[in-house]
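Chemist: Take a look at the following structure, please.
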Amino acid sequence: MALVDLFVAFCFLLGIGGAFFTAFHPNIMYAAISLIMTLVSVAGLYGALGADFLAAAQLIIYVGGILIVILFAVMMSQDIYKKRFAESARKYILPASASLIIFLGLASLSRKMDWSGSTTPDFEPTARAMGWALVGPYAVPFQYVVVVLLVGLIGAVVIARPAIKNEDEGADS
Amino acid sequence: MSLAELLSGVNQFIGVGVPMFVFSILGAVIVILLFAMPVGGFATYIERKIAADFQERIGPNRVGPIGLLQFFADGIKMFLKEDTISKNADKFIYNFAPSLVMAGSLGAFAAIPFSAYVIGADLNIGIFYAMALGSFVSLGVLLGAWSSENKWSLLGGMRGAAQIVSYEIPLGLAVLSVITISGTMSMHELVSQQAWPSAAAGQGGHFWNIVHNPFMFINFFIYFIAALAECNRVPFDLPEAESELVSGFNTEFSGMRFGLYALAEFADVILFACIATAIFLGGWHVPFYDLRSLDLGLTIGDANLNPLIQTVAMIGVFLAKVSVLIFIVMWIRWTLPRLRVDQLMNLCWKYLIPIAFFNLIGAAVWTWVFEGQSMIQLIGKVMGVL
């Protein structure tokens, strides 16, 4: 199982490195590209843990969807070839403290976790079990998330559509 | 026998403990060198010949018999060309982007079931994996476009990204309805289920998914249109529209870097034709007969040649279907004009996606009402054959 361990270590380093560059690289384009490294390495970690469906979903949703949209937004901005972040120490304070709180929470969670049974189990497909879980015990939370996403979609459309001129009442405000 | 078993057999034969991943890497290299590169190159030759036929001229006919070695000469030309990088280009991303495109389209070939025995990796999430790797293609297009510091490229790249992100939705929905009626994402199992129906218990399947039910029939065309857009093929070739954007996202790329983009585009077309064949057109299955029971009774010594003969027959059937699809793609290319950006988005969001949603629900209801039986099976039941 040494190969899996090596792979996990590689993904771990890639993920941390990518996150570091995302946070500190002055060029916004490189920051976005470093995010690819982190997202792909998380997919690799899922794969190493035997969560095959989750790994592929991570690639489709984050690399194929969200990252493309991020790059798209970056390219739409002005002066994209030399776009730099403003150099100020103040902008690090809020994100750093938020990250620290999340890190402490995760660390305390991992201390409560029972890691004794964490030898690598035999690989078994996860997609079917996940499907049953989503329509069975987790049906209500799943539908809740669906409604939240739907609200988000409709909200985005409402914001994005041009204001309709109401000609009966003259120009709108 | 799967490829993995074959390889471990080879490993035992050699007698030294070569790690499995060495074979995997070797296998990947062999697939790239022996399959994707020549087939991609050969596809350029076929495309030029077909284009010539459509325009009533002869096409390439100088290099080799009837110009067959033309793609070889093109390849040498591309390798020898100067590799230019424009002055203000972002060197790192510029060098890195073409390989991303290539990795995305070649990696997905691992999950393609060419026969019942030849499949790179029969993943439990095969079809999902193939689509996931496809997302690297759009990334490569976008990054290559940005890094070359060229307005034409950038416009082409943004068009490409918007188009690919949009058309991934109808594509995904069409694939999702296939998964709904089959209950599996493994490519091998998806194909196995599409055998010709048989009266014997535990044998046969529900025949090709395209004629599983009326919704699937429409879904095939939705898949096909969306796949054309994903590959940036005419009439969806806005990212490289020659008459507007010079050459779109790959304007600045020269030599083999351009070659990688061009090859990846062809590899993408072949990949989508392979997936369409596997999930809609029954893969290596033919009507009225199950190739898995093909028995010519040929033997060499004690060895039965049946698996070999079956494999050859299955690969032949599979590649024949793929070739027909590729021909249709090229036929469309030399027939239709290009869409405008707003027409492109209208087609996707106002037509394809609603129809695909309707079909998904329809396929699910069909599966529920008829307990997963296909039209062919129902007709067979009515006629009393099954």
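Each chain in the structure tokens gets a letter, A, B, ..., in the order shown, and its residues are numbered from 1; ligands are numbered from 1 in order too.
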Select from chain B every residue with an atom at most 6 Å from any atom of chain A, then for each give the shortest pair of atoms and their distance in Å to one decimal, using only C-alpha atoms, rows by chain and rising number, as a Markdown table.
Modeler:
| residue | atom | partner | partner_atom | distance |
| --- | --- | --- | --- | --- |
| B:Tyr129 | CA | A:Ala56 | CA | 5.7 |
| B:Ala132 | CA | A:Ile60 | CA | 4.7 |
| B:Ser135 | CA | A:Gly64 | CA | 4.3 |
Chemist: Give the strand (DSSP E or B) residues of region 94-290 of chain B, as assigned by DSSP on the backbone, as an MDAnalysis selection string.
Modeler: chainID B and resid 113 119 286 289
Chemist: Using the chain letters and numbers from this document, which residues of region 23-142 of chain A does DSSP assign to helix (DSSP H, G or I), as a ChimeraX atom specification?
Modeler: /A:23-24,28-48,52-76,80-82,90-112,127-135,139-142
Chemist: Kindly give the distance, in Å, that separates CA of Val191 (chain B) and CA of Asn213 (chain B), rounded to a single decimal.
Modeler: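 For CA of Val191 (chain B) relative to CA of Asn213 (chain B), the distance reads 16.5 Å.
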Chemist: When you look at Thr22 (chain A) with a cut-off of 10 Å (counting only C-alpha atoms), what residues show up, excluding the ones that are within fewer than 5 positions of it in the same chain? I need them as a list in words.
Modeler: Ile16, Gly17, Asn27, Ile28, Met29, Tyr30, Ala31, Ala32, Ile33, Ser34, Leu35, Ile36, Met37 and Thr38 of chain A
Chemist: Write the residues of the selection above to a file with C-alpha atoms, as a PDB file, in the first residue's frame.
Modeler:
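What landed in out-v5.pdb:
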ATOM      1  CA  ILE A  16      -1.353  22.815   0.081  1.00  0.00           C
ATOM      2  CA  GLY A  17       0.953  24.327  -2.550  1.00  0.00           C
ATOM      3  CA  ASN A  27      -1.122  37.743 -10.518  1.00  0.00           C
ATOM      4  CA  ILE A  28      -4.836  36.984 -10.380  1.00  0.00           C
ATOM      5  CA  MET A  29      -4.634  34.606 -13.320  1.00  0.00           C
ATOM      6  CA  TYR A  30      -1.968  32.487 -11.652  1.00  0.00           C
ATOM      7  CA  ALA A  31      -3.998  32.513  -8.448  1.00  0.00           C
ATOM      8  CA  ALA A  32      -6.930  31.072 -10.381  1.00  0.00           C
ATOM      9  CA  ILE A  33      -4.717  28.467 -12.018  1.00  0.00           C
ATOM     10  CA  SER A  34      -3.229  27.447  -8.670  1.00  0.00           C
ATOM     11  CA  LEU A  35      -6.787  26.766  -7.616  1.00  0.00           C
ATOM     12  CA  ILE A  36      -6.898  24.083 -10.349  1.00  0.00           C
ATOM     13  CA  MET A  37      -4.024  22.315  -8.575  1.00  0.00           C
ATOM     14  CA  THR A  38      -5.872  22.342  -5.264  1.00  0.00           C
TER      15      THR A  38
END
Chemist: If we count only C-alpha atoms, what is near Val369 (chain B) at a cut-off of 12 Å, once residues fewer than 4 positions away on the same chain are taken out, given as an MDAnalysis selection string?
Modeler: chainID B and resid 181 213 362:365 373:374 378
Chemist: Skipping near chain neighbours, those fewer than 3 positions away, what residues fall within 12 Å of Glu240 (chain B) using only C-alpha atoms, listed as a PDB file with all heavy atoms, in the first residue's frame?
Modeler:
ATOM      1  N   VAL B 141      -8.388  25.155 -23.580  1.00  0.00           N
ATOM      2  CA  VAL B 141      -8.746  26.133 -24.609  1.00  0.00           C
ATOM      3  C   VAL B 141      -8.716  27.541 -24.028  1.00  0.00           C
ATOM      4  O   VAL B 141      -8.125  28.468 -24.597  1.00  0.00           O
ATOM      5  CB  VAL B 141     -10.145  25.814 -25.185  1.00  0.00           C
ATOM      6  CG1 VAL B 141     -10.668  26.977 -25.994  1.00  0.00           C
ATOM      7  CG2 VAL B 141     -10.084  24.564 -26.034  1.00  0.00           C
ATOM      8  N   ALA B 145      -5.918  30.401 -24.895  1.00  0.00           N
ATOM      9  CA  ALA B 145      -6.396  31.637 -25.496  1.00  0.00           C
ATOM     10  C   ALA B 145      -5.898  32.841 -24.711  1.00  0.00           C
ATOM     11  O   ALA B 145      -5.417  33.823 -25.279  1.00  0.00           O
ATOM     12  CB  ALA B 145      -7.919  31.628 -25.538  1.00  0.00           C
ATOM     13  N   TRP B 152      -7.856  38.224 -30.734  1.00  0.00           N
ATOM     14  CA  TRP B 152      -8.629  37.197 -31.458  1.00  0.00           C
ATOM     15  C   TRP B 152      -8.697  35.932 -30.610  1.00  0.00           C
ATOM     16  O   TRP B 152      -9.755  35.324 -30.454  1.00  0.00           O
ATOM     17  CB  TRP B 152      -7.979  36.858 -32.789  1.00  0.00           C
ATOM     18  CG  TRP B 152      -7.723  37.995 -33.707  1.00  0.00           C
ATOM     19  CD1 TRP B 152      -6.514  38.397 -34.185  1.00  0.00           C
ATOM     20  CD2 TRP B 152      -8.681  38.886 -34.274  1.00  0.00           C
ATOM     21  NE1 TRP B 152      -6.662  39.455 -35.006  1.00  0.00           N
ATOM     22  CE2 TRP B 152      -7.977  39.784 -35.084  1.00  0.00           C
ATOM     23  CE3 TRP B 152     -10.063  39.010 -34.173  1.00  0.00           C
ATOM     24  CZ2 TRP B 152      -8.589  40.801 -35.789  1.00  0.00           C
ATOM     25  CZ3 TRP B 152     -10.691  40.015 -34.873  1.00  0.00           C
ATOM     26  CH2 TRP B 152      -9.968  40.898 -35.664  1.00  0.00           C
ATOM     27  N   SER B 153      -7.516  35.556 -30.087  1.00  0.00           N
ATOM     28  CA  SER B 153      -7.450  34.335 -29.281  1.00  0.00           C
ATOM     29  C   SER B 153      -8.382  34.438 -28.092  1.00  0.00           C
ATOM     30  O   SER B 153      -9.137  33.519 -27.797  1.00  0.00           O
ATOM     31  CB  SER B 153      -6.028  34.115 -28.766  1.00  0.00           C
ATOM     32  OG  SER B 153      -5.155  33.925 -29.826  1.00  0.00           O
ATOM     33  N   LEU B 154      -8.324  35.586 -27.419  1.00  0.00           N
ATOM     34  CA  LEU B 154      -9.101  35.750 -26.198  1.00  0.00           C
ATOM     35  C   LEU B 154     -10.595  35.642 -26.498  1.00  0.00           C
ATOM     36  O   LEU B 154     -11.338  34.948 -25.803  1.00  0.00           O
ATOM     37  CB  LEU B 154      -8.775  37.105 -25.570  1.00  0.00           C
ATOM     38  CG  LEU B 154      -9.293  37.260 -24.151  1.00  0.00           C
ATOM     39  CD1 LEU B 154      -8.634  36.251 -23.253  1.00  0.00           C
ATOM     40  CD2 LEU B 154      -9.034  38.653 -23.648  1.00  0.00           C
ATOM     41  N   LEU B 155     -11.024  36.314 -27.585  1.00  0.00           N
ATOM     42  CA  LEU B 155     -12.434  36.229 -27.957  1.00  0.00           C
ATOM     43  C   LEU B 155     -12.820  34.781 -28.250  1.00  0.00           C
ATOM     44  O   LEU B 155     -13.860  34.300 -27.792  1.00  0.00           O
ATOM     45  CB  LEU B 155     -12.698  37.093 -29.198  1.00  0.00           C
ATOM     46  CG  LEU B 155     -12.885  38.577 -28.919  1.00  0.00           C
ATOM     47  CD1 LEU B 155     -12.967  39.333 -30.223  1.00  0.00           C
ATOM     48  CD2 LEU B 155     -14.138  38.795 -28.104  1.00  0.00           C
ATOM     49  N   GLY B 156     -11.946  34.107 -29.001  1.00  0.00           N
ATOM     50  CA  GLY B 156     -12.220  32.710 -29.321  1.00  0.00           C
ATOM     51  C   GLY B 156     -12.300  31.848 -28.074  1.00  0.00           C
ATOM     52  O   GLY B 156     -13.202  31.025 -27.930  1.00  0.00           O
ATOM     53  N   GLY B 157     -11.358  32.065 -27.155  1.00  0.00           N
ATOM     54  CA  GLY B 157     -11.344  31.277 -25.928  1.00  0.00           C
ATOM     55  C   GLY B 157     -12.590  31.500 -25.089  1.00  0.00           C
ATOM     56  O   GLY B 157     -13.165  30.557 -24.558  1.00  0.00           O
ATOM     57  N   MET B 158     -13.025  32.776 -25.004  1.00  0.00           N
ATOM     58  CA  MET B 158     -14.220  33.047 -24.196  1.00  0.00           C
ATOM     59  C   MET B 158     -15.455  32.443 -24.827  1.00  0.00           C
ATOM     60  O   MET B 158     -16.309  31.889 -24.140  1.00  0.00           O
ATOM     61  CB  MET B 158     -14.388  34.552 -24.023  1.00  0.00           C
ATOM     62  CG  MET B 158     -13.219  35.129 -23.263  1.00  0.00           C
ATOM     63  SD  MET B 158     -13.635  36.440 -22.140  1.00  0.00           S
ATOM     64  CE  MET B 158     -14.194  37.701 -23.178  1.00  0.00           C
ATOM     65  N   ARG B 159     -15.530  32.538 -26.163  1.00  0.00           N
ATOM     66  CA  ARG B 159     -16.642  31.876 -26.843  1.00  0.00           C
ATOM     67  C   ARG B 159     -16.626  30.384 -26.564  1.00  0.00           C
ATOM     68  O   ARG B 159     -17.654  29.779 -26.263  1.00  0.00           O
ATOM     69  CB  ARG B 159     -16.523  32.078 -28.348  1.00  0.00           C
ATOM     70  CG  ARG B 159     -16.955  33.423 -28.845  1.00  0.00           C
ATOM     71  CD  ARG B 159     -16.823  33.405 -30.341  1.00  0.00           C
ATOM     72  NE  ARG B 159     -17.220  34.652 -30.960  1.00  0.00           N
ATOM     73  CZ  ARG B 159     -17.297  34.805 -32.275  1.00  0.00           C
ATOM     74  NH1 ARG B 159     -16.984  33.795 -33.072  1.00  0.00           N
ATOM     75  NH2 ARG B 159     -17.676  35.947 -32.782  1.00  0.00           N
ATOM     76  N   GLY B 160     -15.410  29.813 -26.655  1.00  0.00           N
ATOM     77  CA  GLY B 160     -15.289  28.371 -26.446  1.00  0.00           C
ATOM     78  C   GLY B 160     -15.737  27.968 -25.059  1.00  0.00           C
ATOM     79  O   GLY B 160     -16.504  27.014 -24.894  1.00  0.00           O
ATOM     80  N   CYS B 231     -17.115  19.674 -29.172  1.00  0.00           N
ATOM     81  CA  CYS B 231     -15.880  19.494 -29.949  1.00  0.00           C
ATOM     82  C   CYS B 231     -15.551  20.725 -30.776  1.00  0.00           C
ATOM     83  O   CYS B 231     -14.602  20.690 -31.558  1.00  0.00           O
ATOM     84  CB  CYS B 231     -16.002  18.322 -30.890  1.00  0.00           C
ATOM     85  SG  CYS B 231     -16.426  16.798 -30.131  1.00  0.00           S
ATOM     86  N   ASN B 232     -16.330  21.784 -30.672  1.00  0.00           N
ATOM     87  CA  ASN B 232     -16.127  22.994 -31.480  1.00  0.00           C
ATOM     88  C   ASN B 232     -16.187  22.689 -32.972  1.00  0.00           C
ATOM     89  O   ASN B 232     -15.418  23.229 -33.754  1.00  0.00           O
ATOM     90  CB  ASN B 232     -14.782  23.657 -31.170  1.00  0.00           C
ATOM     91  CG  ASN B 232     -14.665  24.014 -29.727  1.00  0.00           C
ATOM     92  OD1 ASN B 232     -15.674  24.240 -29.068  1.00  0.00           O
ATOM     93  ND2 ASN B 232     -13.457  24.073 -29.224  1.00  0.00           N
ATOM     94  N   ARG B 233     -17.078  21.796 -33.371  1.00  0.00           N
ATOM     95  CA  ARG B 233     -17.182  21.457 -34.784  1.00  0.00           C
ATOM     96  C   ARG B 233     -18.277  22.289 -35.430  1.00  0.00           C
ATOM     97  O   ARG B 233     -19.188  22.760 -34.767  1.00  0.00           O
ATOM     98  CB  ARG B 233     -17.518  19.974 -34.952  1.00  0.00           C
ATOM     99  CG  ARG B 233     -16.467  19.048 -34.444  1.00  0.00           C
ATOM    100  CD  ARG B 233     -15.238  19.084 -35.276  1.00  0.00           C
ATOM    101  NE  ARG B 233     -15.483  18.608 -36.629  1.00  0.00           N
ATOM    102  CZ  ARG B 233     -14.549  18.256 -37.482  1.00  0.00           C
ATOM    103  NH1 ARG B 233     -13.294  18.331 -37.118  1.00  0.00           N
ATOM    104  NH2 ARG B 233     -14.833  17.838 -38.679  1.00  0.00           N
ATOM    105  N   VAL B 234     -18.169  22.466 -36.742  1.00  0.00           N
ATOM    106  CA  VAL B 234     -19.224  23.147 -37.486  1.00  0.00           C
ATOM    107  C   VAL B 234     -20.528  22.407 -37.236  1.00  0.00           C
ATOM    108  O   VAL B 234     -20.530  21.177 -37.205  1.00  0.00           O
ATOM    109  CB  VAL B 234     -18.886  23.128 -38.993  1.00  0.00           C
ATOM    110  CG1 VAL B 234     -19.976  23.790 -39.795  1.00  0.00           C
ATOM    111  CG2 VAL B 234     -17.558  23.812 -39.228  1.00  0.00           C
ATOM    112  N   PRO B 235     -21.677  23.063 -37.055  1.00  0.00           N
ATOM    113  CA  PRO B 235     -21.897  24.511 -37.140  1.00  0.00           C
ATOM    114  C   PRO B 235     -21.613  25.261 -35.850  1.00  0.00           C
ATOM    115  O   PRO B 235     -22.077  26.374 -35.692  1.00  0.00           O
ATOM    116  CB  PRO B 235     -23.379  24.567 -37.479  1.00  0.00           C
ATOM    117  CG  PRO B 235     -23.956  23.382 -36.809  1.00  0.00           C
ATOM    118  CD  PRO B 235     -22.915  22.335 -36.834  1.00  0.00           C
ATOM    119  N   PHE B 236     -20.873  24.663 -34.921  1.00  0.00           N
ATOM    120  CA  PHE B 236     -20.603  25.327 -33.642  1.00  0.00           C
ATOM    121  C   PHE B 236     -19.138  25.723 -33.527  1.00  0.00           C
ATOM    122  O   PHE B 236     -18.580  25.690 -32.443  1.00  0.00           O
ATOM    123  CB  PHE B 236     -20.969  24.404 -32.486  1.00  0.00           C
ATOM    124  CG  PHE B 236     -22.367  23.900 -32.534  1.00  0.00           C
ATOM    125  CD1 PHE B 236     -22.641  22.604 -32.913  1.00  0.00           C
ATOM    126  CD2 PHE B 236     -23.421  24.731 -32.205  1.00  0.00           C
ATOM    127  CE1 PHE B 236     -23.934  22.133 -32.954  1.00  0.00           C
ATOM    128  CE2 PHE B 236     -24.718  24.266 -32.234  1.00  0.00           C
ATOM    129  CZ  PHE B 236     -24.970  22.964 -32.623  1.00  0.00           C
ATOM    130  N   ASP B 237     -18.465  26.048 -34.627  1.00  0.00           N
ATOM    131  CA  ASP B 237     -17.034  26.314 -34.541  1.00  0.00           C
ATOM    132  C   ASP B 237     -16.737  27.783 -34.276  1.00  0.00           C
ATOM    133  O   ASP B 237     -15.754  28.319 -34.763  1.00  0.00           O
ATOM    134  CB  ASP B 237     -16.313  25.835 -35.799  1.00  0.00           C
ATOM    135  CG  ASP B 237     -16.731  26.603 -37.026  1.00  0.00           C
ATOM    136  OD1 ASP B 237     -17.861  27.102 -37.012  1.00  0.00           O
ATOM    137  OD2 ASP B 237     -15.944  26.699 -37.976  1.00  0.00           O
ATOM    138  N   SER B 243     -13.410  33.224 -40.463  1.00  0.00           N
ATOM    139  CA  SER B 243     -13.765  34.462 -41.139  1.00  0.00           C
ATOM    140  C   SER B 243     -13.896  35.630 -40.175  1.00  0.00           C
ATOM    141  O   SER B 243     -13.947  36.779 -40.590  1.00  0.00           O
ATOM    142  CB  SER B 243     -15.070  34.263 -41.901  1.00  0.00           C
ATOM    143  OG  SER B 243     -16.026  33.681 -41.058  1.00  0.00           O
ATOM    144  N   GLU B 244     -13.958  35.352 -38.865  1.00  0.00           N
ATOM    145  CA  GLU B 244     -14.099  36.445 -37.903  1.00  0.00           C
ATOM    146  C   GLU B 244     -12.859  36.597 -37.025  1.00  0.00           C
ATOM    147  O   GLU B 244     -12.432  37.702 -36.728  1.00  0.00           O
ATOM    148  CB  GLU B 244     -15.295  36.190 -36.969  1.00  0.00           C
ATOM    149  CG  GLU B 244     -16.568  35.858 -37.700  1.00  0.00           C
ATOM    150  CD  GLU B 244     -17.604  35.300 -36.742  1.00  0.00           C
ATOM    151  OE1 GLU B 244     -17.558  35.638 -35.553  1.00  0.00           O
ATOM    152  OE2 GLU B 244     -18.447  34.515 -37.196  1.00  0.00           O
ATOM    153  N   LEU B 245     -12.305  35.478 -36.569  1.00  0.00           N
ATOM    154  CA  LEU B 245     -11.291  35.533 -35.511  1.00  0.00           C
ATOM    155  C   LEU B 245      -9.930  35.006 -35.971  1.00  0.00           C
ATOM    156  O   LEU B 245      -9.176  34.493 -35.158  1.00  0.00           O
ATOM    157  CB  LEU B 245     -11.749  34.694 -34.317  1.00  0.00           C
ATOM    158  CG  LEU B 245     -13.019  35.139 -33.613  1.00  0.00           C
ATOM    159  CD1 LEU B 245     -13.347  34.193 -32.489  1.00  0.00           C
ATOM    160  CD2 LEU B 245     -12.850  36.536 -33.068  1.00  0.00           C
ATOM    161  N   VAL B 246      -9.605  35.097 -37.262  1.00  0.00           N
ATOM    162  CA  VAL B 246      -8.370  34.545 -37.806  1.00  0.00           C
ATOM    163  C   VAL B 246      -8.363  33.027 -37.618  1.00  0.00           C
ATOM    164  O   VAL B 246      -8.721  32.285 -38.507  1.00  0.00           O
ATOM    165  CB  VAL B 246      -7.115  35.162 -37.176  1.00  0.00           C
ATOM    166  CG1 VAL B 246      -5.882  34.690 -37.927  1.00  0.00           C
ATOM    167  CG2 VAL B 246      -7.190  36.670 -37.194  1.00  0.00           C
ATOM    168  N   SER B 247      -7.968  32.571 -36.420  1.00  0.00           N
ATOM    169  CA  SER B 247      -8.089  31.142 -36.152  1.00  0.00           C
ATOM    170  C   SER B 247      -8.540  30.907 -34.723  1.00  0.00           C
ATOM    171  O   SER B 247      -8.378  29.832 -34.176  1.00  0.00           O
ATOM    172  CB  SER B 247      -6.761  30.443 -36.414  1.00  0.00           C
ATOM    173  OG  SER B 247      -6.896  29.071 -36.181  1.00  0.00           O
ATOM    174  N   GLY B 248      -9.109  31.946 -34.094  1.00  0.00           N
ATOM    175  CA  GLY B 248      -9.643  31.774 -32.754  1.00  0.00           C
ATOM    176  C   GLY B 248      -8.580  31.482 -31.722  1.00  0.00           C
ATOM    177  O   GLY B 248      -7.479  32.036 -31.786  1.00  0.00           O
ATOM    178  N   PHE B 249      -8.881  30.595 -30.800  1.00  0.00           N
ATOM    179  CA  PHE B 249      -8.025  30.426 -29.624  1.00  0.00           C
ATOM    180  C   PHE B 249      -6.639  29.924 -29.972  1.00  0.00           C
ATOM    181  O   PHE B 249      -5.717  30.072 -29.190  1.00  0.00           O
ATOM    182  CB  PHE B 249      -8.688  29.498 -28.604  1.00  0.00           C
ATOM    183  CG  PHE B 249      -8.929  28.103 -29.106  1.00  0.00           C
ATOM    184  CD1 PHE B 249      -7.962  27.134 -28.966  1.00  0.00           C
ATOM    185  CD2 PHE B 249     -10.113  27.773 -29.710  1.00  0.00           C
ATOM    186  CE1 PHE B 249      -8.175  25.849 -29.420  1.00  0.00           C
ATOM    187  CE2 PHE B 249     -10.340  26.493 -30.178  1.00  0.00           C
ATOM    188  CZ  PHE B 249      -9.372  25.538 -30.037  1.00  0.00           C
ATOM    189  N   ASN B 250      -6.446  29.297 -31.143  1.00  0.00           N
ATOM    190  CA  ASN B 250      -5.100  28.798 -31.437  1.00  0.00           C
ATOM    191  C   ASN B 250      -4.371  29.649 -32.475  1.00  0.00           C
ATOM    192  O   ASN B 250      -3.447  29.179 -33.122  1.00  0.00           O
ATOM    193  CB  ASN B 250      -5.143  27.328 -31.851  1.00  0.00           C
ATOM    194  CG  ASN B 250      -6.077  27.094 -33.014  1.00  0.00           C
ATOM    195  OD1 ASN B 250      -6.278  27.978 -33.833  1.00  0.00           O
ATOM    196  ND2 ASN B 250      -6.641  25.921 -33.096  1.00  0.00           N
ATOM    197  N   THR B 251      -4.763  30.924 -32.599  1.00  0.00           N
ATOM    198  CA  THR B 251      -4.136  31.788 -33.597  1.00  0.00           C
ATOM    199  C   THR B 251      -2.625  31.859 -33.437  1.00  0.00           C
ATOM    200  O   THR B 251      -1.876  31.728 -34.402  1.00  0.00           O
ATOM    201  CB  THR B 251      -4.704  33.212 -33.469  1.00  0.00           C
ATOM    202  OG1 THR B 251      -6.115  33.143 -33.585  1.00  0.00           O
ATOM    203  CG2 THR B 251      -4.152  34.111 -34.547  1.00  0.00           C
ATOM    204  N   GLU B 252      -2.162  32.037 -32.193  1.00  0.00           N
ATOM    205  CA  GLU B 252      -0.738  32.278 -31.962  1.00  0.00           C
ATOM    206  C   GLU B 252       0.085  31.004 -31.924  1.00  0.00           C
ATOM    207  O   GLU B 252       1.309  31.061 -31.933  1.00  0.00           O
ATOM    208  CB  GLU B 252      -0.544  33.028 -30.634  1.00  0.00           C
ATOM    209  CG  GLU B 252      -1.055  34.443 -30.647  1.00  0.00           C
ATOM    210  CD  GLU B 252      -0.174  35.352 -31.485  1.00  0.00           C
ATOM    211  OE1 GLU B 252       0.988  34.996 -31.709  1.00  0.00           O
ATOM    212  OE2 GLU B 252      -0.659  36.403 -31.915  1.00  0.00           O
ATOM    213  N   TYR B 261      -3.314  20.998 -30.555  1.00  0.00           N
ATOM    214  CA  TYR B 261      -4.702  21.487 -30.530  1.00  0.00           C
ATOM    215  C   TYR B 261      -5.527  20.827 -31.626  1.00  0.00           C
ATOM    216  O   TYR B 261      -6.649  20.358 -31.402  1.00  0.00           O
ATOM    217  CB  TYR B 261      -4.749  23.007 -30.697  1.00  0.00           C
ATOM    218  CG  TYR B 261      -4.680  23.760 -29.402  1.00  0.00           C
ATOM    219  CD1 TYR B 261      -3.665  24.656 -29.145  1.00  0.00           C
ATOM    220  CD2 TYR B 261      -5.647  23.577 -28.425  1.00  0.00           C
ATOM    221  CE1 TYR B 261      -3.592  25.345 -27.954  1.00  0.00           C
ATOM    222  CE2 TYR B 261      -5.586  24.255 -27.237  1.00  0.00           C
ATOM    223  CZ  TYR B 261      -4.559  25.141 -26.999  1.00  0.00           C
ATOM    224  OH  TYR B 261      -4.496  25.806 -25.828  1.00  0.00           O
ATOM    225  N   ALA B 262      -4.943  20.769 -32.846  1.00  0.00           N
ATOM    226  CA  ALA B 262      -5.689  20.201 -33.967  1.00  0.00           C
ATOM    227  C   ALA B 262      -5.955  18.725 -33.734  1.00  0.00           C
ATOM    228  O   ALA B 262      -7.065  18.229 -33.957  1.00  0.00           O
ATOM    229  CB  ALA B 262      -4.891  20.402 -35.253  1.00  0.00           C
ATOM    230  N   GLU B 265      -8.578  18.119 -31.166  1.00  0.00           N
ATOM    231  CA  GLU B 265      -9.931  18.330 -31.674  1.00  0.00           C
ATOM    232  C   GLU B 265     -10.438  17.067 -32.355  1.00  0.00           C
ATOM    233  O   GLU B 265     -11.572  16.630 -32.125  1.00  0.00           O
ATOM    234  CB  GLU B 265      -9.927  19.507 -32.647  1.00  0.00           C
ATOM    235  CG  GLU B 265     -11.321  19.953 -33.014  1.00  0.00           C
ATOM    236  CD  GLU B 265     -11.300  21.011 -34.095  1.00  0.00           C
ATOM    237  OE1 GLU B 265     -10.618  22.017 -33.909  1.00  0.00           O
ATOM    238  OE2 GLU B 265     -11.959  20.802 -35.119  1.00  0.00           O
ATOM    239  N   ARG B 338     -22.067  28.512 -40.203  1.00  0.00           N
ATOM    240  CA  ARG B 338     -21.827  28.658 -38.775  1.00  0.00           C
ATOM    241  C   ARG B 338     -22.971  29.397 -38.098  1.00  0.00           C
ATOM    242  O   ARG B 338     -23.583  30.289 -38.691  1.00  0.00           O
ATOM    243  CB  ARG B 338     -20.531  29.418 -38.578  1.00  0.00           C
ATOM    244  CG  ARG B 338     -20.058  29.485 -37.156  1.00  0.00           C
ATOM    245  CD  ARG B 338     -18.800  30.318 -37.082  1.00  0.00           C
ATOM    246  NE  ARG B 338     -17.795  29.827 -38.004  1.00  0.00           N
ATOM    247  CZ  ARG B 338     -17.220  30.575 -38.930  1.00  0.00           C
ATOM    248  NH1 ARG B 338     -17.537  31.829 -39.076  1.00  0.00           N
ATOM    249  NH2 ARG B 338     -16.317  30.053 -39.725  1.00  0.00           N
TER     250      ARG B 338
END
Chemist: Can you work out the spacing between CA of Lys321 (chain B) and CA of Ile112 (chain B) in Å, to one decimal?
Modeler: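 Between CA of Lys321 (chain B) and CA of Ile112 (chain B) the gap works out to 13.7 Å.
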Chemist: Within 10 Å of Ala43 (chain B), counting only C-alpha atoms, which residues qualify if same-chain residues fewer than 3 places away don't, as a ChimeraX atom specification?
Modeler: /B:37-40,46-49,71,263,266-267,269-270,323,326-327,330
Chemist: Could you work out how far CA of Leu49 (chain A) lies from CA of Met102 (chain B), giving the answer in Å with one decimal?
Modeler: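 Going from CA of Met102 (chain B) over to CA of Leu49 (chain A), I get 27.1 Å.
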Chemist: Please provide the set of residues having any atom within 12 Å of Phe288 (chain B), restricted to only C-alpha atoms, with same-chain residues fewer than 4 positions apart removed, written as a list of chain:residue names.
Modeler: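 So, after excluding close chain neighbours, the residues are B:Gln194, B:Ala195, B:Trp196, B:Pro197, B:Ser198, B:Gly204, B:Gly205, B:His206, B:Phe207, B:Trp208, B:Ser293, B:Ile376.
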